[in-house]
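See below for input-v8.pdb, which holds PDB, C-alpha atoms.
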ATOM      1  CA  MET A   1       0.000   0.000   0.000
ATOM      2  CA  SER A   2       1.193   3.466  -0.675
ATOM      3  CA  ALA A   3       3.081   5.683   1.698
ATOM      4  CA  SER A   4       0.021   7.777   2.417
ATOM      5  CA  TYR A   5      -1.608   4.938   4.335
ATOM      6  CA  ALA A   6       1.612   3.594   5.772
ATOM      7  CA  ASP A   7       2.661   6.996   7.034
ATOM      8  CA  ARG A   8      -0.618   7.556   8.839
ATOM      9  CA  LEU A   9      -1.164   4.009  10.087
ATOM     10  CA  GLY A  10       2.449   3.038  10.662
ATOM     11  CA  SER A  11       1.858   1.308  13.982
ATOM     12  CA  ALA A  12      -0.965  -0.002  16.118
ATOM     13  CA  ASP A  13      -0.594   3.049  18.349
ATOM     14  CA  ALA A  14      -0.892   5.345  15.334
ATOM     15  CA  VAL A  15      -4.064   3.536  14.276
ATOM     16  CA  ALA A  16      -5.532   3.940  17.765
ATOM     17  CA  GLU A  17      -4.644   7.636  17.804
ATOM     18  CA  THR A  18      -6.017   8.269  14.307
ATOM     19  CA  LEU A  19      -9.299   6.586  15.159
ATOM     20  CA  ALA A  20      -9.531   8.150  18.620
ATOM     21  CA  ALA A  21      -9.325  11.585  17.012
ATOM     22  CA  THR A  22     -12.645  10.763  15.317
ATOM     23  CA  GLY A  23     -14.226   9.460  18.530
ATOM     24  CA  TYR A  24     -13.745   5.767  17.689
ATOM     25  CA  LEU A  25     -12.018   3.898  20.511
ATOM     26  CA  THR A  26     -10.220   0.647  19.729
ATOM     27  CA  ASP A  27      -8.690  -2.117  21.756
ATOM     28  CA  GLU A  28      -5.211  -3.490  21.098
ATOM     29  CA  ALA A  29      -6.375  -6.389  18.918
ATOM     30  CA  LEU A  30      -8.445  -4.194  16.618
ATOM     31  CA  ALA A  31      -5.803  -1.478  16.296
ATOM     32  CA  THR A  32      -3.134  -4.072  15.539
ATOM     33  CA  THR A  33      -5.252  -5.816  12.915
ATOM     34  CA  VAL A  34      -6.023  -2.543  11.151
ATOM     35  CA  PHE A  35      -2.328  -1.662  11.166
ATOM     36  CA  LEU A  36      -1.426  -5.030   9.661
ATOM     37  CA  ALA A  37      -4.157  -4.772   7.018
ATOM     38  CA  ALA A  38      -2.723  -1.432   5.891
ATOM     39  CA  ALA A  39       0.898  -2.584   6.062
ATOM     40  CA  MET A  40       0.274  -5.892   4.268
ATOM     41  CA  GLN A  41      -2.116  -4.452   1.661
ATOM     42  CA  ARG A  42      -4.840  -6.871   2.672
ATOM     43  CA  PRO A  43      -8.589  -6.346   3.004
ATOM     44  CA  LEU A  44      -9.929  -6.459   6.539
ATOM     45  CA  LEU A  45     -12.871  -8.783   7.236
ATOM     46  CA  LEU A  46     -14.754  -7.950  10.434
ATOM     47  CA  GLU A  47     -17.366 -10.359  11.741
ATOM     48  CA  GLY A  48     -19.567  -9.881  14.753
ATOM     49  CA  GLU A  49     -23.068  -9.144  15.948
ATOM     50  CA  PRO A  50     -24.836  -6.044  14.634
ATOM     51  CA  GLY A  51     -24.038  -2.925  16.611
ATOM     52  CA  THR A  52     -20.482  -3.766  17.568
ATOM     53  CA  GLY A  53     -18.906  -0.953  15.541
ATOM     54  CA  LYS A  54     -17.786  -2.729  12.361
ATOM     55  CA  THR A  55     -19.265  -0.220   9.933
ATOM     56  CA  ALA A  56     -18.292   2.663  12.186
ATOM     57  CA  LEU A  57     -14.662   1.534  11.964
ATOM     58  CA  ALA A  58     -14.609   2.094   8.194
ATOM     59  CA  GLU A  59     -16.273   5.474   8.621
ATOM     60  CA  ALA A  60     -13.729   6.455  11.281
ATOM     61  CA  LEU A  61     -10.820   5.299   9.115
ATOM     62  CA  ALA A  62     -11.982   7.457   6.226
ATOM     63  CA  GLU A  63     -12.496  10.434   8.493
ATOM     64  CA  GLY A  64      -9.181   9.930  10.287
ATOM     65  CA  LEU A  65      -7.246   9.539   7.031
ATOM     66  CA  ASP A  66      -9.200  12.343   5.367
ATOM     67  CA  VAL A  67     -10.006  10.216   2.315
ATOM     68  CA  PRO A  68     -13.366   9.431   0.677
ATOM     69  CA  LEU A  69     -15.490   6.634   2.102
ATOM     70  CA  VAL A  70     -17.064   4.561  -0.674
ATOM     71  CA  ARG A  71     -19.787   2.269   0.632
ATOM     72  CA  LEU A  72     -21.121  -0.832  -1.063
ATOM     73  CA  GLN A  73     -24.171  -2.177   0.773
ATOM     74  CA  CYS A  74     -24.596  -5.861  -0.070
ATOM     75  CA  TYR A  75     -27.924  -7.639  -0.357
ATOM     76  CA  GLU A  76     -29.288 -10.856  -1.746
ATOM     77  CA  GLY A  77     -29.194 -10.792  -5.540
ATOM     78  CA  ILE A  78     -26.663  -7.978  -5.920
ATOM     79  CA  ASP A  79     -24.791  -8.422  -9.182
ATOM     80  CA  VAL A  80     -21.548  -7.206 -10.702
ATOM     81  CA  GLU A  81     -23.187  -4.431 -12.750
ATOM     82  CA  GLN A  82     -24.627  -2.919  -9.596
ATOM     83  CA  THR A  83     -21.187  -2.760  -8.026
ATOM     84  CA  LEU A  84     -19.030  -1.740 -11.007
ATOM     85  CA  TYR A  85     -20.683   0.481 -13.605
ATOM     86  CA  ASP A  86     -23.638   0.976 -15.868
ATOM     87  CA  TRP A  87     -24.410   3.107 -18.903
ATOM     88  CA  ASP A  88     -26.848   5.986 -18.702
ATOM     89  CA  PHE A  89     -29.358   4.678 -21.234
ATOM     90  CA  ALA A  90     -31.635   7.710 -21.108
ATOM     91  CA  ARG A  91     -28.782  10.120 -21.857
ATOM     92  CA  GLN A  92     -27.500   7.827 -24.613
ATOM     93  CA  VAL A  93     -30.900   7.967 -26.318
ATOM     94  CA  LEU A  94     -30.994  11.754 -26.059
ATOM     95  CA  HIS A  95     -27.494  11.862 -27.508
ATOM     96  CA  LEU A  96     -28.560   9.734 -30.468
ATOM     97  CA  ARG A  97     -31.579  11.918 -31.128
ATOM     98  CA  ALA A  98     -29.381  14.997 -31.049
ATOM     99  CA  LEU A  99     -27.062  13.415 -33.603
ATOM    100  CA  GLU A 100     -30.005  12.488 -35.825
ATOM    101  CA  ALA A 101     -31.343  16.005 -35.604
ATOM    102  CA  ALA A 102     -27.955  17.321 -36.670
ATOM    103  CA  GLY A 103     -28.267  15.446 -39.936
ATOM    104  CA  ASP A 104     -25.490  13.571 -41.728
ATOM    105  CA  VAL A 105     -24.119  11.173 -39.081
ATOM    106  CA  ASP A 106     -21.677   8.303 -39.552
ATOM    107  CA  VAL A 107     -23.215   5.213 -37.919
ATOM    108  CA  ALA A 108     -19.947   3.756 -36.602
ATOM    109  CA  THR A 109     -18.897   7.068 -35.094
ATOM    110  CA  ALA A 110     -22.312   7.529 -33.527
ATOM    111  CA  GLU A 111     -22.228   4.058 -31.951
ATOM    112  CA  LYS A 112     -18.747   4.627 -30.582
ATOM    113  CA  SER A 113     -19.771   7.949 -29.063
ATOM    114  CA  LEU A 114     -22.468   6.203 -27.012
ATOM    115  CA  TYR A 115     -19.787   4.665 -24.809
ATOM    116  CA  ASP A 116     -18.063   7.850 -23.920
ATOM    117  CA  GLU A 117     -17.021   8.659 -20.351
ATOM    118  CA  ARG A 118     -19.940  11.125 -20.236
ATOM    119  CA  PHE A 119     -22.447   8.274 -20.130
ATOM    120  CA  LEU A 120     -20.631   6.079 -17.628
ATOM    121  CA  LEU A 121     -22.365   5.618 -14.281
ATOM    122  CA  GLU A 122     -19.807   4.664 -11.643
ATOM    123  CA  ARG A 123     -20.863   2.129  -9.044
ATOM    124  CA  PRO A 124     -19.046   1.774  -5.691
ATOM    125  CA  VAL A 125     -16.197  -0.604  -6.597
ATOM    126  CA  LEU A 126     -15.225   1.300  -9.747
ATOM    127  CA  ARG A 127     -15.562   4.582  -7.868
ATOM    128  CA  ALA A 128     -13.206   3.364  -5.138
ATOM    129  CA  LEU A 129     -10.613   2.195  -7.669
ATOM    130  CA  ARG A 130     -10.687   5.459  -9.605
ATOM    131  CA  ARG A 131     -10.740   7.766  -6.581
ATOM    132  CA  ALA A 132      -8.236   5.997  -4.355
ATOM    133  CA  PRO A 133      -6.767   6.723  -1.907
ATOM    134  CA  ALA A 134     -10.093   5.855  -0.363
ATOM    135  CA  VAL A 135     -11.700   3.520   2.119
ATOM    136  CA  LEU A 136     -13.980   0.963   0.449
ATOM    137  CA  LEU A 137     -16.597  -0.406   2.845
ATOM    138  CA  VAL A 138     -18.199  -3.645   1.640
ATOM    139  CA  ASP A 139     -20.978  -3.815   4.195
ATOM    140  CA  GLU A 140     -22.738  -7.077   5.122
ATOM    141  CA  VAL A 141     -20.936  -9.185   2.536
ATOM    142  CA  ASP A 142     -22.661 -12.241   4.027
ATOM    143  CA  ARG A 143     -25.897 -11.114   2.376
ATOM    144  CA  ALA A 144     -24.450 -11.431  -1.151
ATOM    145  CA  ASP A 145     -24.284 -14.666  -3.098
ATOM    146  CA  ASP A 146     -21.433 -16.883  -4.314
ATOM    147  CA  ALA A 147     -21.036 -15.205  -7.711
ATOM    148  CA  PHE A 148     -20.578 -11.824  -6.125
ATOM    149  CA  GLU A 149     -17.979 -13.191  -3.728
ATOM    150  CA  ALA A 150     -16.028 -14.627  -6.667
ATOM    151  CA  PHE A 151     -16.057 -11.264  -8.417
ATOM    152  CA  LEU A 152     -15.010  -9.504  -5.253
ATOM    153  CA  LEU A 153     -12.174 -11.936  -4.696
ATOM    154  CA  GLU A 154     -10.807 -11.292  -8.190
ATOM    155  CA  THR A 155     -11.082  -7.522  -7.829
ATOM    156  CA  LEU A 156      -9.371  -7.501  -4.452
ATOM    157  CA  SER A 157      -6.531  -9.553  -5.941
ATOM    158  CA  THR A 158      -5.828  -7.300  -8.924
ATOM    159  CA  TRP A 159      -7.224  -3.921  -7.850
ATOM    160  CA  SER A 160      -8.455  -3.511 -11.403
ATOM    161  CA  VAL A 161     -11.570  -3.981 -13.501
ATOM    162  CA  THR A 162     -12.088  -4.015 -17.248
ATOM    163  CA  ILE A 163     -14.718  -1.989 -19.048
ATOM    164  CA  PRO A 164     -14.828  -3.432 -22.583
ATOM    165  CA  GLU A 165     -15.626  -0.093 -24.212
ATOM    166  CA  LEU A 166     -13.057   1.935 -22.270
ATOM    167  CA  GLY A 167     -10.326  -0.472 -21.199
ATOM    168  CA  THR A 168      -8.865  -1.583 -17.875
ATOM    169  CA  VAL A 169      -9.083   0.628 -14.807
ATOM    170  CA  THR A 170      -6.384  -0.005 -12.203
ATOM    171  CA  ALA A 171      -6.227   1.782  -8.877
ATOM    172  CA  ALA A 172      -3.239   4.123  -8.693
ATOM    173  CA  GLU A 173      -3.316   3.381  -4.991
ATOM    174  CA  PRO A 174      -5.324   0.396  -3.742
ATOM    175  CA  PRO A 175      -8.180   1.442  -1.477
ATOM    176  CA  LEU A 176      -8.196   0.392   2.143
ATOM    177  CA  VAL A 177     -10.939  -2.246   2.140
ATOM    178  CA  VAL A 178     -13.135  -3.124   5.108
ATOM    179  CA  LEU A 179     -15.613  -5.983   4.712
ATOM    180  CA  THR A 180     -18.224  -6.562   7.394
ATOM    181  CA  SER A 181     -20.315  -9.641   8.098
ATOM    182  CA  ASN A 182     -23.061 -10.278  10.643
ATOM    183  CA  ARG A 183     -22.547 -13.986   9.975
ATOM    184  CA  THR A 184     -26.006 -14.668   8.586
ATOM    185  CA  ARG A 185     -24.046 -17.262   6.592
ATOM    186  CA  ASP A 186     -20.400 -18.266   6.390
ATOM    187  CA  VAL A 187     -18.245 -16.249   4.015
ATOM    188  CA  HIS A 188     -16.341 -18.577   1.683
ATOM    189  CA  ASP A 189     -12.868 -19.669   2.703
ATOM    190  CA  ALA A 190     -11.302 -18.292  -0.492
ATOM    191  CA  LEU A 191     -12.401 -14.770   0.372
ATOM    192  CA  LYS A 192     -11.398 -15.195   3.991
ATOM    193  CA  ARG A 193      -7.920 -16.291   2.954
ATOM    194  CA  ARG A 194      -7.507 -13.038   1.022
ATOM    195  CA  CYS A 195      -8.368 -10.996   4.107
ATOM    196  CA  LEU A 196      -7.134 -10.376   7.610
ATOM    197  CA  TYR A 197      -9.898 -11.485   9.945
ATOM    198  CA  LEU A 198     -11.162 -10.248  13.281
ATOM    199  CA  TRP A 199     -14.220 -11.149  15.331
ATOM    200  CA  VAL A 200     -15.600  -7.959  16.858
ATOM    201  CA  ASP A 201     -17.375  -8.248  20.192
ATOM    202  CA  HIS A 202     -19.335  -5.605  22.001
ATOM    203  CA  PRO A 203     -16.901  -3.298  23.790
ATOM    204  CA  GLY A 204     -15.982  -3.937  27.397
ATOM    205  CA  LEU A 205     -17.335  -1.716  30.155
ATOM    206  CA  GLU A 206     -14.492   0.789  30.266
ATOM    207  CA  ARG A 207     -14.300   1.161  26.481
ATOM    208  CA  GLU A 208     -18.053   1.664  26.188
ATOM    209  CA  VAL A 209     -17.934   4.316  28.934
ATOM    210  CA  GLY A 210     -15.159   6.002  26.952
ATOM    211  CA  ILE A 211     -17.206   5.852  23.749
ATOM    212  CA  ILE A 212     -20.226   7.426  25.437
ATOM    213  CA  THR A 213     -18.290  10.231  27.093
ATOM    214  CA  GLY A 214     -16.260  10.806  23.940
ATOM    215  CA  ARG A 215     -19.210  11.039  21.567
ATOM    216  CA  ALA A 216     -21.660  12.592  23.997
ATOM    217  CA  PRO A 217     -19.618  14.849  26.268
ATOM    218  CA  GLU A 218     -22.817  16.264  27.715
ATOM    219  CA  VAL A 219     -23.455  12.890  29.418
ATOM    220  CA  PRO A 220     -21.846  12.786  32.896
ATOM    221  CA  GLU A 221     -19.422   9.916  33.449
ATOM    222  CA  THR A 222     -21.523   8.520  36.319
ATOM    223  CA  LEU A 223     -24.516   8.237  33.999
ATOM    224  CA  ALA A 224     -22.392   6.817  31.177
ATOM    225  CA  ARG A 225     -20.977   4.194  33.520
ATOM    226  CA  SER A 226     -24.415   3.321  34.860
ATOM    227  CA  CYS A 227     -25.830   2.894  31.329
ATOM    228  CA  ALA A 228     -22.875   0.840  30.134
ATOM    229  CA  ALA A 229     -23.045  -1.449  33.170
ATOM    230  CA  VAL A 230     -26.769  -2.136  32.689
ATOM    231  CA  VAL A 231     -26.353  -2.763  28.952
ATOM    232  CA  ALA A 232     -23.407  -5.092  29.540
ATOM    233  CA  GLU A 233     -25.498  -7.120  31.961
ATOM    234  CA  LEU A 234     -28.407  -7.234  29.514
ATOM    235  CA  ARG A 235     -26.146  -8.534  26.738
ATOM    236  CA  ARG A 236     -24.664 -11.110  29.071
ATOM    237  CA  SER A 237     -27.721 -12.459  30.827
ATOM    238  CA  VAL A 238     -30.873 -11.775  28.813
ATOM    239  CA  ASP A 239     -31.933 -13.613  25.670
ATOM    240  CA  LEU A 240     -32.887 -10.774  23.329
ATOM    241  CA  VAL A 241     -34.016 -10.682  19.714
ATOM    242  CA  LYS A 242     -31.438  -7.943  19.136
ATOM    243  CA  PRO A 243     -29.065  -7.074  21.959
ATOM    244  CA  PRO A 244     -28.364  -3.338  22.195
ATOM    245  CA  GLY A 245     -25.403  -2.147  20.142
ATOM    246  CA  VAL A 246     -23.095   0.724  20.953
ATOM    247  CA  ALA A 247     -25.348   3.148  19.073
ATOM    248  CA  GLU A 248     -28.322   2.144  21.221
ATOM    249  CA  THR A 249     -26.316   2.545  24.428
ATOM    250  CA  LEU A 250     -25.301   5.992  23.260
ATOM    251  CA  ASP A 251     -28.894   6.926  22.432
ATOM    252  CA  TRP A 252     -30.069   5.668  25.834
ATOM    253  CA  ALA A 253     -27.450   7.687  27.695
ATOM    254  CA  ARG A 254     -28.409  10.805  25.738
ATOM    255  CA  ALA A 255     -32.108  10.207  26.408
ATOM    256  CA  LEU A 256     -31.522   9.793  30.133
ATOM    257  CA  GLN A 257     -29.343  12.897  30.212
ATOM    258  CA  ARG A 258     -32.091  14.877  28.464
ATOM    259  CA  LEU A 259     -34.457  13.852  31.251
ATOM    260  CA  GLY A 260     -32.017  15.020  33.905
ATOM    261  CA  ALA A 261     -31.042  11.569  35.177
ATOM    262  CA  THR A 262     -27.646  11.204  36.823
ATOM    263  CA  GLU A 263     -27.745   7.409  36.777
ATOM    264  CA  VAL A 264     -30.105   4.690  35.627
ATOM    265  CA  ASP A 265     -33.070   4.258  37.978
ATOM    266  CA  LEU A 266     -36.381   2.450  37.671
ATOM    267  CA  ALA A 267     -38.430   5.510  36.784
ATOM    268  CA  SER A 268     -36.120   6.906  34.117
ATOM    269  CA  ALA A 269     -35.390   3.467  32.664
ATOM    270  CA  ALA A 270     -39.087   2.664  32.308
ATOM    271  CA  VAL A 271     -39.770   5.666  30.072
ATOM    272  CA  THR A 272     -36.627   5.525  27.947
ATOM    273  CA  LEU A 273     -36.380   1.892  26.843
ATOM    274  CA  GLY A 274     -37.484   2.929  23.365
ATOM    275  CA  ALA A 275     -33.997   4.314  22.860
ATOM    276  CA  LEU A 276     -32.407   1.023  23.848
ATOM    277  CA  VAL A 277     -34.473  -1.806  22.347
ATOM    278  CA  LYS A 278     -36.510  -2.021  19.147
ATOM    279  CA  TYR A 279     -38.628  -5.167  19.536
ATOM    280  CA  ARG A 280     -41.734  -5.575  21.684
ATOM    281  CA  GLU A 281     -40.448  -8.862  23.080
ATOM    282  CA  ASP A 282     -37.153  -7.229  24.000
ATOM    283  CA  THR A 283     -38.912  -4.316  25.672
ATOM    284  CA  GLU A 284     -40.710  -6.665  28.055
ATOM    285  CA  ARG A 285     -37.624  -8.758  28.768
ATOM    286  CA  VAL A 286     -35.403  -5.725  29.309
ATOM    287  CA  ALA A 287     -37.979  -4.050  31.555
ATOM    288  CA  HIS A 288     -38.106  -7.125  33.804
ATOM    289  CA  ALA A 289     -34.327  -7.506  33.792
ATOM    290  CA  VAL A 290     -33.695  -3.843  34.642
ATOM    291  CA  ASP A 291     -36.209  -4.095  37.467
ATOM    292  CA  ARG A 292     -34.294  -7.060  38.881
ATOM    293  CA  MET A 293     -30.918  -5.363  38.471
ATOM    294  CA  LEU A 294     -31.902  -2.090  40.086
ATOM    295  CA  ALA A 295     -33.775  -3.777  42.928
ATOM    296  CA  ARG A 296     -30.628  -5.521  44.165
TER     297      ARG A 296
END
Represent the structure of the file as structure tokens.
Amino acid sequence: MSASYADRLGSADAVAETLAATGYLTDEALATTVFLAAAMQRPLLLEGEPGTGKTALAEALAEGLDVPLVRLQCYEGIDVEQTLYDWDFARQVLHLRALEAAGDVDVATAEKSLYDERFLLERPVLRALRRAPAVLLVDEVDRADDAFEAFLLETLSTWSVTIPELGTVTAAEPPLVVLTSNRTRDVHDALKRRCLYLWVDHPGLEREVGIITGRAPEVPETLARSCAAVVAELRRSVDLVKPPGVAETLDWARALQRLGATEVDLASAAVTLGALVKYREDTERVAHAVDRMLAR
């Protein structure tokens, strides 16, 4: 990878500092893996439950490095054309009509002009290759199918794609690639072998307190600590449809602070659970669990 990444992410400590400047706190394992991904020119595959900060890491990297973030959101049925490029058919038709209106037009020249750069619609992967240095976020790659994974594997190996009408596009500087997976299915071994891998858990208590106070400085540390402790216990001991992620903990702390709470108590918790959980079943389970915790 080019010097621009290496200079900024030249050690695990430098990674931690770069990300911390954006409000993203890492632990040693995550900072080290990001450093190695940059140094070894390898994509970074992050797996873990939703809400553990995988997508936010890519956003923080782009912000910290001051480079564009190009996001490719994967879904079932996504195909290569939707990730690489397309041609603006409507503008091509208008162009043809304009040529016809102008009169004497050579057919071969007219056809060739249809595939001019003006009519090219960049999709995320092509955009990342052409605009690098950049961070390319391939979000929820586990939702895509086998064919897409094969295409992605080839692209990440060569950092280039071919557009038949225009030629081969090769990144002047390979983008820093972050792939995320919520493990709805196993990502193929071939793709995993191309990447550096890290399982991302919910942050520990102290790191989550740091995230809350860093991103929401208006929240007192006592309240941040109280929120983080309750959420950690909920994740550990309650079977939830969707355990609260960091974003939900942050929202809950902000909601409690808005109501003037200095720590989590039964009354304030009862009226603010909508910031923490998003399923009816979870609301009931969390309400009972918080009652038990705070009654101790």
Completion exercise
A straight line from CA of Gly23 (chain A) to CA of Lys54 (chain A) spans 14.1 Å
Exercise for the section: Considering all atoms listed in the file, state which residue in the set A:Leu30, A:Ala90, A:Ala98, A:Ala56 is at the smallest distance from Ala247 (chain A). Expected result: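 Answer, going by the shortest atom-to-atom distance: A:Ala56.
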Practice task
May I ask for the distance between CA of Thr213 (chain A) and CA of Ala270 (chain A), given in Å to one decimal place?
Solution key: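 Computing the Euclidean distance for CA of Thr213 (chain A) and CA of Ala270 (chain A) yields 22.7 Å.
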Practice task
Go through the shown structure with the PyMOL selection byres ((chain A and resi 204) around 12) and write out the matching residues as a list in words.
Solution key: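 Residues picked by the PyMOL selection byres ((chain A and resi 204) around 12): Leu25, Thr26, Asp27, Thr52, Val200, Asp201, His202, Pro203, Leu205, Glu206, Arg207, Glu208, Val209, Gly210, Ile211, Arg225, Ala228, Ala229, Val231, Ala232, Glu233, Arg235, Arg236 and Val246 of chain A.
Between CA of Leu46 (chain A) and CA of Leu179 (chain A) the interatomic distance comes to 6.1 Å.
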Practice task
Would you please work out which residue, of A:Trp199, A:Asp79, A:Leu114, A:Leu153, is nearest to Val93 (chain A) when using all atoms listed in the file?
Solution key: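 Distance minimum relative to Val93 (chain A) lands on A:Leu114.
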Handout entry: Answer key for the PyMOL selection byres ((chain A and resi 5-15) around 12), residues as a ChimeraX atom specification
Key = /A:1-4,16-22,24-41,57,60-62,64-67,132-135,173-177
How about saving the chosen residues, C-alpha atoms kept, as an mmCIF file, keeping the file's coordinate frame?
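Dumped everything to selection-v9.cif:
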data_model
loop_
_atom_site.group_PDB
_atom_site.id
_atom_site.type_symbol
_atom_site.label_atom_id
_atom_site.label_comp_id
_atom_site.auth_asym_id
_atom_site.auth_seq_id
_atom_site.Cartn_x
_atom_site.Cartn_y
_atom_site.Cartn_z
ATOM 1 C CA MET A 1 0.000 0.000 0.000
ATOM 2 C CA SER A 2 1.193 3.466 -0.675
ATOM 3 C CA ALA A 3 3.081 5.683 1.698
ATOM 4 C CA SER A 4 0.021 7.777 2.417
ATOM 5 C CA ALA A 16 -5.532 3.940 17.765
ATOM 6 C CA GLU A 17 -4.644 7.636 17.804
ATOM 7 C CA THR A 18 -6.017 8.269 14.307
ATOM 8 C CA LEU A 19 -9.299 6.586 15.159
ATOM 9 C CA ALA A 20 -9.531 8.150 18.620
ATOM 10 C CA ALA A 21 -9.325 11.585 17.012
ATOM 11 C CA THR A 22 -12.645 10.763 15.317
ATOM 12 C CA TYR A 24 -13.745 5.767 17.689
ATOM 13 C CA LEU A 25 -12.018 3.898 20.511
ATOM 14 C CA THR A 26 -10.220 0.647 19.729
ATOM 15 C CA ASP A 27 -8.690 -2.117 21.756
ATOM 16 C CA GLU A 28 -5.211 -3.490 21.098
ATOM 17 C CA ALA A 29 -6.375 -6.389 18.918
ATOM 18 C CA LEU A 30 -8.445 -4.194 16.618
ATOM 19 C CA ALA A 31 -5.803 -1.478 16.296
ATOM 20 C CA THR A 32 -3.134 -4.072 15.539
ATOM 21 C CA THR A 33 -5.252 -5.816 12.915
ATOM 22 C CA VAL A 34 -6.023 -2.543 11.151
ATOM 23 C CA PHE A 35 -2.328 -1.662 11.166
ATOM 24 C CA LEU A 36 -1.426 -5.030 9.661
ATOM 25 C CA ALA A 37 -4.157 -4.772 7.018
ATOM 26 C CA ALA A 38 -2.723 -1.432 5.891
ATOM 27 C CA ALA A 39 0.898 -2.584 6.062
ATOM 28 C CA MET A 40 0.274 -5.892 4.268
ATOM 29 C CA GLN A 41 -2.116 -4.452 1.661
ATOM 30 C CA LEU A 57 -14.662 1.534 11.964
ATOM 31 C CA ALA A 60 -13.729 6.455 11.281
ATOM 32 C CA LEU A 61 -10.820 5.299 9.115
ATOM 33 C CA ALA A 62 -11.982 7.457 6.226
ATOM 34 C CA GLY A 64 -9.181 9.930 10.287
ATOM 35 C CA LEU A 65 -7.246 9.539 7.031
ATOM 36 C CA ASP A 66 -9.200 12.343 5.367
ATOM 37 C CA VAL A 67 -10.006 10.216 2.315
ATOM 38 C CA ALA A 132 -8.236 5.997 -4.355
ATOM 39 C CA PRO A 133 -6.767 6.723 -1.907
ATOM 40 C CA ALA A 134 -10.093 5.855 -0.363
ATOM 41 C CA VAL A 135 -11.700 3.520 2.119
ATOM 42 C CA GLU A 173 -3.316 3.381 -4.991
ATOM 43 C CA PRO A 174 -5.324 0.396 -3.742
ATOM 44 C CA PRO A 175 -8.180 1.442 -1.477
ATOM 45 C CA LEU A 176 -8.196 0.392 2.143
ATOM 46 C CA VAL A 177 -10.939 -2.246 2.140
#
Problem - Residue nearest Glu76 (chain A) - candidates A:Glu263, A:Asp142, A:Glu117, A:Asp239, atoms counted: all atoms listed in the file - result: A:Asp142
Practice task
Check the smallest atom-to-atom distance from each of A:Asp116, A:Glu49, A:Asp145, A:Glu81 to His95 (chain A) using only C-alpha atoms, then report the winner.
Solution key: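 Of the candidates, the smallest distance to His95 (chain A) is held by A:Asp116.
Closest to Ser157 (chain A) among A:Asp186, A:Pro43, A:Arg127, A:Ala287 is A:Pro43, based on all atoms listed in the file.
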Handout entry: Non-local contacts of Asp189 (chain A) (12 Å; only C-alpha atoms; under 4 positions in same chain excluded) as an NGL selection string
Key = :A and (45 or 146 or 149-150 or 153 or 193-197)
Go ahead and write the residues just picked, C-alpha atoms, as a compact mmCIF listing (two decimals), in the frame of the given file.
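Wrote selection21.txt, looks like this:
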# COMPACT_ATOMS: atom_id res chain seq x y z
CA LEU A 45 -12.87 -8.78 7.24
CA ASP A 146 -21.43 -16.88 -4.31
CA GLU A 149 -17.98 -13.19 -3.73
CA ALA A 150 -16.03 -14.63 -6.67
CA LEU A 153 -12.17 -11.94 -4.70
CA ARG A 193 -7.92 -16.29 2.95
CA ARG A 194 -7.51 -13.04 1.02
CA CYS A 195 -8.37 -11.00 4.11
CA LEU A 196 -7.13 -10.38 7.61
CA TYR A 197 -9.90 -11.48 9.94
Around all the atoms of region 251-270 of chain A listed in the file, with 6 Å of room on each side, what axis-aligned box do you get, giving centre and edge lengths in Å to one decimal, as JSON?
{"center_x": -33.3, "center_y": 8.7, "center_z": 30.2, "size_x": 23.6, "size_y": 24.6, "size_z": 27.5}
Practice task
Could you list the residues chosen by the PyMOL selection byres ((chain A and resi 165) around 10) in this structure as a list in words?
Solution key: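 This file gives the following for the PyMOL selection byres ((chain A and resi 165) around 10): Lys112, Leu114, Tyr115, Asp116, Glu117, Thr162, Ile163, Pro164, Leu166, Gly167 and Thr168 of chain A.
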Handout entry: Of the listed residues A:Leu84, A:Cys74, A:Leu96, A:Leu152, that which approaches Leu126 (chain A) most closely, counting only C-alpha atoms
Key =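 Of A:Leu84, A:Cys74, A:Leu96, A:Leu152, the one nearest Leu126 (chain A) is A:Leu84, counting only C-alpha atoms.
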Pick out the residues sitting within 8 Å of Glu248 (chain A), and hand them over as a PDB file with C-alpha atoms, keeping the file's coordinate frame; count all atoms listed in the file, and ignore anything fewer than 2 positions along from it in its own chain.
ATOM      1  CA  PRO A 244     -28.364  -3.338  22.195  1.00  0.00           C
ATOM      2  CA  GLY A 245     -25.403  -2.147  20.142  1.00  0.00           C
ATOM      3  CA  VAL A 246     -23.095   0.724  20.953  1.00  0.00           C
ATOM      4  CA  LEU A 250     -25.301   5.992  23.260  1.00  0.00           C
ATOM      5  CA  ASP A 251     -28.894   6.926  22.432  1.00  0.00           C
ATOM      6  CA  TRP A 252     -30.069   5.668  25.834  1.00  0.00           C
ATOM      7  CA  ALA A 275     -33.997   4.314  22.860  1.00  0.00           C
ATOM      8  CA  LEU A 276     -32.407   1.023  23.848  1.00  0.00           C
ATOM      9  CA  VAL A 277     -34.473  -1.806  22.347  1.00  0.00           C
TER      10      VAL A 277
END
Problem - Distance query Met293 (chain A) at most 9 Å, only C-alpha atoms, self and fewer than 4 positions along chain excluded, as a ChimeraX atom specification - result: /A:230,233,288-289
Restricting the output to C-alpha atoms, write the selected residues as a PDB file, in the frame of the given file.
ATOM      1  CA  VAL A 230     -26.769  -2.136  32.689  1.00  0.00           C
ATOM      2  CA  GLU A 233     -25.498  -7.120  31.961  1.00  0.00           C
ATOM      3  CA  HIS A 288     -38.106  -7.125  33.804  1.00  0.00           C
ATOM      4  CA  ALA A 289     -34.327  -7.506  33.792  1.00  0.00           C
TER       5      ALA A 289
END
